[in-house]
Amino acid sequence: MISPEQEEEVEILLSIYDGDDNFKRLEDNVYQYMIDKPNDGGCSFLVQIRWPPGYPIDPPDITLDLFYNKHLSNDLRQSITQSLRNLADENSGSAVTFTLFEFTKENAVELTSQYCENEETANRNSAGFNDGASTKEIKETLTKAQKRRRINRLENMKGDNRRGWNWMDVIKHLSRTGSSSDT
């Protein structure tokens with residue numbers, strides 16, 4: 001059962017985020033907002049806000065411990081959660097769900113950019129995009145037919161053709177020019 005203040009905030013949230021695919025209402029007192037990866041850097045994550053029975057007098061429960069956020073480190077999740085809790089404590093006694101979502105959207109780059117830059121360099125290093133310190137040669141696997149075609153191409157490029165492959169051209173040339181005794 002939700003209080004009249006909570007009902008009013010539900011109406012406001014639904015009217016503001018109508019048509020926004022990033023906003024989800026899971027229950028009467030649980031809301032999620034997806035922060036997409038901003039163009040300026042940073043990474044995407046999901047914020048979940050749960051209203052306790054005494055909300056808005058009591059601050060909401062804010063969590064990033066969701067399956068979608070498994071790519072975020074625990075330190076980053078705690079850092080974002082702590083900054084949102086500080087904002088909720090500053091505005092205690094008033095409806096803060098919209099304020100928390102908007103603060104997160106506006107400051108997503110600052111909240112996550114340092115972590116995501118570190119993650120990108122770590123991903124490059126683990127994917128083989130390192131500075132050449134330890135490069136590993138990847139063997140190419142070919143089928144028998146592919147190997148046969150490759151060998152045939154290489155043999156034809158060497159000039160090791162079968163004996164007599166161009167004799168017809170030599171005979172035609174000599175018949176046109178004649179022999180050396182005819183002159």
# chains A, B, ... in the order shown; residues from 1 in each chain; ligands from 1

call {"tool": "closest_atom_pairs", "arguments": {"of": "stretch 4-33 of chain A", "to": "stretch 97-103 of chain A", "cutoff": "10 Å", "atoms": "only C-alpha atoms", "output": "JSON lines"}}
result
{"residue": "A:Glu9", "atom": "CA", "partner": "A:Thr97", "partner_atom": "CA", "distance": 8.3}
{"residue": "A:Val10", "atom": "CA", "partner": "A:Thr97", "partner_atom": "CA", "distance": 9.6}
{"residue": "A:Ile12", "atom": "CA", "partner": "A:Phe98", "partner_atom": "CA", "distance": 8.8}
{"residue": "A:Leu13", "atom": "CA", "partner": "A:Phe98", "partner_atom": "CA", "distance": 6.9}
{"residue": "A:Ile16", "atom": "CA", "partner": "A:Phe98", "partner_atom": "CA", "distance": 8.9}
{"residue": "A:Tyr17", "atom": "CA", "partner": "A:Phe98", "partner_atom": "CA", "distance": 9.5}
{"residue": "A:Phe23", "atom": "CA", "partner": "A:Phe101", "partner_atom": "CA", "distance": 9.4}
{"residue": "A:Tyr31", "atom": "CA", "partner": "A:Thr97", "partner_atom": "CA", "distance": 8.5}
{"residue": "A:Gln32", "atom": "CA", "partner": "A:Phe101", "partner_atom": "CA", "distance": 8.8}
{"residue": "A:Tyr33", "atom": "CA", "partner": "A:Phe101", "partner_atom": "CA", "distance": 6.8}

call {"tool": "write_last_selection", "arguments": {"atoms": "N, CA and C atoms", "output": "PDB file, in the first residue's frame"}}
result
ATOM      1  N   GLU A   9       3.686  11.101  -6.556  1.00  0.00           N
ATOM      2  CA  GLU A   9       4.967  10.985  -7.244  1.00  0.00           C
ATOM      3  C   GLU A   9       4.909   9.951  -8.370  1.00  0.00           C
ATOM      4  N   VAL A  10       4.154   8.880  -8.184  1.00  0.00           N
ATOM      5  CA  VAL A  10       3.988   7.879  -9.235  1.00  0.00           C
ATOM      6  C   VAL A  10       3.373   8.527 -10.474  1.00  0.00           C
ATOM      7  N   ILE A  12       3.429  11.652 -11.331  1.00  0.00           N
ATOM      8  CA  ILE A  12       4.393  12.590 -11.920  1.00  0.00           C
ATOM      9  C   ILE A  12       5.452  11.834 -12.718  1.00  0.00           C
ATOM     10  N   LEU A  13       5.996  10.756 -12.138  1.00  0.00           N
ATOM     11  CA  LEU A  13       7.026   9.978 -12.832  1.00  0.00           C
ATOM     12  C   LEU A  13       6.485   9.367 -14.123  1.00  0.00           C
ATOM     13  N   ILE A  16       6.119  12.118 -16.735  1.00  0.00           N
ATOM     14  CA  ILE A  16       7.398  12.631 -17.241  1.00  0.00           C
ATOM     15  C   ILE A  16       8.064  11.607 -18.143  1.00  0.00           C
ATOM     16  N   TYR A  17       8.111  10.358 -17.723  1.00  0.00           N
ATOM     17  CA  TYR A  17       8.844   9.337 -18.452  1.00  0.00           C
ATOM     18  C   TYR A  17       7.958   8.514 -19.394  1.00  0.00           C
ATOM     19  N   PHE A  23      13.093   4.024 -18.745  1.00  0.00           N
ATOM     20  CA  PHE A  23      12.397   4.040 -17.452  1.00  0.00           C
ATOM     21  C   PHE A  23      11.500   2.809 -17.333  1.00  0.00           C
ATOM     22  N   TYR A  31      11.507   1.376  -8.980  1.00  0.00           N
ATOM     23  CA  TYR A  31      11.677   2.001 -10.286  1.00  0.00           C
ATOM     24  C   TYR A  31      13.123   1.835 -10.750  1.00  0.00           C
ATOM     25  N   GLN A  32      13.288   1.654 -12.049  1.00  0.00           N
ATOM     26  CA  GLN A  32      14.624   1.526 -12.626  1.00  0.00           C
ATOM     27  C   GLN A  32      14.772   2.516 -13.763  1.00  0.00           C
ATOM     28  N   TYR A  33      16.003   2.982 -13.926  1.00  0.00           N
ATOM     29  CA  TYR A  33      16.310   3.841 -15.070  1.00  0.00           C
ATOM     30  C   TYR A  33      17.645   3.404 -15.655  1.00  0.00           C
TER      31      TYR A  33
END

call {"tool": "closest_residue", "arguments": {"among": "A:Thr141, A:Ser44, A:Leu111, A:Pro52", "to": "A:Ser79", "atoms": "only C-alpha atoms"}}
result
A:Leu111

call {"tool": "residues_around", "arguments": {"residues": "A:Ser83", "least_positions_apart": "6", "cutoff": "12 Å", "atoms": "only C-alpha atoms", "output": "ChimeraX atom specification"}}
result
/A:62-63,76-77,89-90,100,103-104,107-108,110-111

call {"tool": "closest_residue", "arguments": {"among": "A:His173, A:Asp58, A:Val30, A:Asp18", "to": "A:Ala95", "atoms": "only C-alpha atoms"}}
result
A:Asp58
